[in-house]
There are 2 protein chains.
Amino acid sequence: MINIGIYDEHHLMGQGLKLLLEQVDDFDVLFCADGKEQLMNLVQNKSLNILVLTIHDTSVRTMNLIVRLSLLNPKARLLILAFDNSEDMIVKIVKSKAKGILGRDASQKELIEAIRTLRNGFDYFNRSINQMVLNQYIDKLEAPEEKTEGLNSLSERQIEVLKLWGRSYSNQEIADELCISVRTVDAHKNHIMQKLQLKSTVELVKFSIKNNIIEI
Amino acid sequence: MINIGIYDEHHLMGQGLKLLLEQVDDFDVLFCADGKEQLMNLVQNKSLNILVLTIHDTSVRTMNLIVRLSLLNPKARLLILAFDNSEDMIVKIVKSKAKGILGRDASQKELIEAIRTLRNGFDYFNRSINQMVLNQYIDKLEAPEEKTEGLNSLSERQIEVLKLWGRSYSNQEIADELCISVRTVDAHKNHIMQKLQLKSTVELVKFSIKNNIIEI
DNA sequence: ATTCAGATTAGGTATTTTACCTAAAGCCCT
DNA sequence: AGGGCTTTAGGTAAAATACCTAATCTGAAT
């Protein structure tokens with residue numbers, strides 16, 4: 001018997017997952033939390049094997065939650081249902097204490113397989129990561145026209161610089177972070193401004209916000 | 001009998017919702033889509049009464065999806081399961097063609113009630129909106145890191161400078177416009193930054209946008 | 001009425017950032 | 001193999017910023 005706990009901020013989703021998992025004979029859903037404090041208490045249940053955790057963002061708060069949960073009950077292995085297939089999310093989850101990830105495209109079969117894999121002491125990462133990277137690629141292919149045209153014309157590196165700059169990094173700090181010269185950072189920003197036909201840094205901030213490069 | 005369609009990008013969540021809804025005797029889940037194209041085809045089913053749609057963001061793409069769905073089958077009433085209780089999301093959904101919203105804290109009972117309400121020709125907004133607004137208020141109480149009151153502490157002149165600067169005026173141009181020295185403009189900006197405890201011009205732009213001093 | 005806080009004004013100086021060049025090396029595509 | 005783009009980075013002058021000081025002015029409180 002595999003004892004499973006569920007956490008989803010959305011109560012309905014938790015209930016749905018519970019029904020899904022209870023269809024499997026040797027799965028037993030011990031609890032179904034939708035609040036963090038409630039979860040903190042329930043996760044300490046000694047007979048818990050797997051904790052299925054739905055996460056929607058990679059904020060510090062969320063990542064701290066993962067760490068705290070793994071400390072509260074190291075025997076309960078964490079399976080993350082990620083709602084965002086972004087590279088950022090994958091990287092952060094892989095670095096975290098979680099033992100497995102499922103993307104938003106995962107099937108019921110994969111969910112069950114992932115839980116069994118974790119129960120057997122293995123991690124469940126590679127498949128979903130590959131899938132996510134592939135999906136990202138497909139997403140880009142499928143909807144290239146819906147993105148802001150300006151954003152597409154920027155290179156990865158340029159967006160990287162923009163992201164750091166948007167977090168109030170100075171040119172020097174960006175240079176240190178990326179291990180390049182200050183002049184290069186400056187050059188990147190100039191190239192961006194030229195490409196996007198922006199007249200001022202203010203417009204660059206506006207553009208970045210519009211295109212979700214920086215958060216407001 | 002109420003004929004229901006489900007759309008959730010996350011396949012598992014769709015399946016979970018399906019199980020939840022099928023527990024109700026007079027609910028019939030006609031389909032459970034997890035891709036946009038698939039959904040576009042299925043939604044045209046003439047016997048469809050309610051389409052339950054999970055959305056995670058308020059991007060143009062998502063909002064367009066709602067419009068397109070309502071055009072493809074005007075008789076199928078849209079119930080949105082919103083994963084974000086932000087004001088932005090509420091406003092955008094209320095403005096959309098959707099007939100109802102449920103927040104992430106909604107219970108199974110509310111989901112069923114919402115579907116019945118929609119089926120009876122009424123909209124299901126008020127309750128969830130009130131709930132969301134309340135939740136937002138609680139969130140703010142819990143995390144008082146947000147400071148929007150800063151605007152009040154600024155003087156007229158300071159806001160004037162900020163407005164011009166937000167229109168991409170250079171310091172010199174602001175000085176000319178206001179018939180003061182460049183140094184004064186600089187001083188104003190410095191005083192503002194000090195007052196608001198902002199570390200960079202990027203943060204100043206964000207503040208200005210938040211407080212409707214400049215337009216995005 | 002006088003003090004006092006803060007708003008507005010502006011100068012000094014040093015540092016940082018920008019604007020506008022050039023240019024080499026690498027990569028992808030045809 | 002060459003053309004175009006990216007990434008890298010240096011040079012120099014101009015602009016903006018940071019961090020000072022400080023003189024008026026205004027409104028509110030004592």
# chains A, B, ... in the order shown; residues from 1 in each chain; ligands from 1
call {"tool": "interface_residues", "arguments": {"of": "chain B", "to": "chain A", "cutoff": "6 Å", "atoms": "only C-alpha atoms", "output": "number ranges by chain"}}
result
B: 10-12, 16-17, 20, 104-105, 107-108, 168, 200, 206, 216
call {"tool": "calpha_fit_rmsd", "arguments": {"fixed": "chain B", "moving": "chain A"}}
result
6.6 Å
call {"tool": "atom_distance", "arguments": {"atom1": "CA of Leu48 (chain B)", "atom2": "CA of Asn3 (chain B)"}}
result
5.2 Å
call {"tool": "interface_residues", "arguments": {"of": "chain D", "to": "chain B", "cutoff": "12 Å", "atoms": "only C-alpha atoms (C1' of nucleotides)", "output": "list of chain:residue names"}}
result
D:DA15, D:DA16, D:DT17, D:DA18, D:DC19, D:DC20
call {"tool": "write_last_selection", "arguments": {"atoms": "N, CA and C atoms (P, O5', C5', C4', C3', O3' and C1' of nucleotides)", "output": "mmCIF file, in the first residue's frame"}}
result
data_model
loop_
_atom_site.group_PDB
_atom_site.id
_atom_site.type_symbol
_atom_site.label_atom_id
_atom_site.label_comp_id
_atom_site.auth_asym_id
_atom_site.auth_seq_id
_atom_site.Cartn_x
_atom_site.Cartn_y
_atom_site.Cartn_z
ATOM 1 P P DA D 15 25.225 66.333 -23.649
ATOM 2 O "O5'" DA D 15 24.575 65.338 -22.598
ATOM 3 C "C5'" DA D 15 24.071 64.080 -23.040
ATOM 4 C "C4'" DA D 15 23.759 63.202 -21.847
ATOM 5 C "C3'" DA D 15 22.925 63.900 -20.764
ATOM 6 O "O3'" DA D 15 21.707 63.192 -20.644
ATOM 7 C "C1'" DA D 15 24.788 62.699 -19.828
ATOM 8 P P DA D 16 20.562 63.652 -19.601
ATOM 9 O "O5'" DA D 16 20.903 62.678 -18.389
ATOM 10 C "C5'" DA D 16 21.056 61.291 -18.639
ATOM 11 C "C4'" DA D 16 21.494 60.590 -17.370
ATOM 12 C "C3'" DA D 16 20.682 60.941 -16.118
ATOM 13 O "O3'" DA D 16 20.247 59.737 -15.540
ATOM 14 C "C1'" DA D 16 23.012 61.115 -15.692
ATOM 15 P P DT D 17 19.323 59.749 -14.202
ATOM 16 O "O5'" DT D 17 20.400 59.485 -13.068
ATOM 17 C "C5'" DT D 17 21.231 58.342 -13.177
ATOM 18 C "C4'" DT D 17 22.189 58.313 -12.004
ATOM 19 C "C3'" DT D 17 21.550 58.585 -10.636
ATOM 20 O "O3'" DT D 17 21.793 57.441 -9.826
ATOM 21 C "C1'" DT D 17 23.564 59.813 -10.925
ATOM 22 P P DA D 18 21.206 57.371 -8.332
ATOM 23 O "O5'" DA D 18 22.472 57.798 -7.488
ATOM 24 C "C5'" DA D 18 23.734 57.179 -7.728
ATOM 25 C "C4'" DA D 18 24.726 57.596 -6.656
ATOM 26 C "C3'" DA D 18 24.109 57.866 -5.287
ATOM 27 O "O3'" DA D 18 25.007 57.347 -4.305
ATOM 28 C "C1'" DA D 18 25.167 59.834 -6.068
ATOM 29 P P DC D 19 24.571 57.275 -2.772
ATOM 30 O "O5'" DC D 19 25.234 58.564 -2.140
ATOM 31 C "C5'" DC D 19 26.609 58.861 -2.431
ATOM 32 C "C4'" DC D 19 26.935 60.253 -1.941
ATOM 33 C "C3'" DC D 19 26.103 60.706 -0.727
ATOM 34 O "O3'" DC D 19 26.957 61.222 0.272
ATOM 35 C "C1'" DC D 19 26.137 62.359 -2.368
ATOM 36 P P DC D 20 26.450 61.289 1.795
ATOM 37 O "O5'" DC D 20 26.879 62.755 2.239
ATOM 38 C "C5'" DC D 20 26.176 63.889 1.714
ATOM 39 C "C4'" DC D 20 27.163 64.982 1.372
ATOM 40 C "C3'" DC D 20 26.741 66.359 1.872
ATOM 41 O "O3'" DC D 20 27.389 66.621 3.118
ATOM 42 C "C1'" DC D 20 27.181 66.424 -0.463
#
call {"tool": "interface_residues", "arguments": {"of": "chain C", "to": "chain B", "cutoff": "12 Å", "atoms": "only C-alpha atoms (C1' of nucleotides)", "output": "list in words"}}
result
DG6, DA7, DT8, DT9, DA10, DG11, DG12, DT17 and DT18 of chain C
call {"tool": "select_by_dssp", "arguments": {"residues": "chain B", "states": "strand (DSSP E or B)", "output": "list of chain:residue names"}}
result
B:Ile2, B:Asn3, B:Ile4, B:Gly5, B:Ile6, B:Tyr7, B:Phe27, B:Asp28, B:Val29, B:Leu30, B:Phe31, B:Cys32, B:Ala33, B:Ile50, B:Leu51, B:Val52, B:Leu53, B:Thr54, B:Ile55, B:Arg77, B:Leu78, B:Leu79, B:Ile80, B:Leu81, B:Ala82, B:Gly100, B:Ile101, B:Leu102, B:Tyr124
call {"tool": "atom_distance", "arguments": {"atom1": "CA of Ile80 (chain B)", "atom2": "CA of Gln44 (chain B)"}}
result
17.9 Å
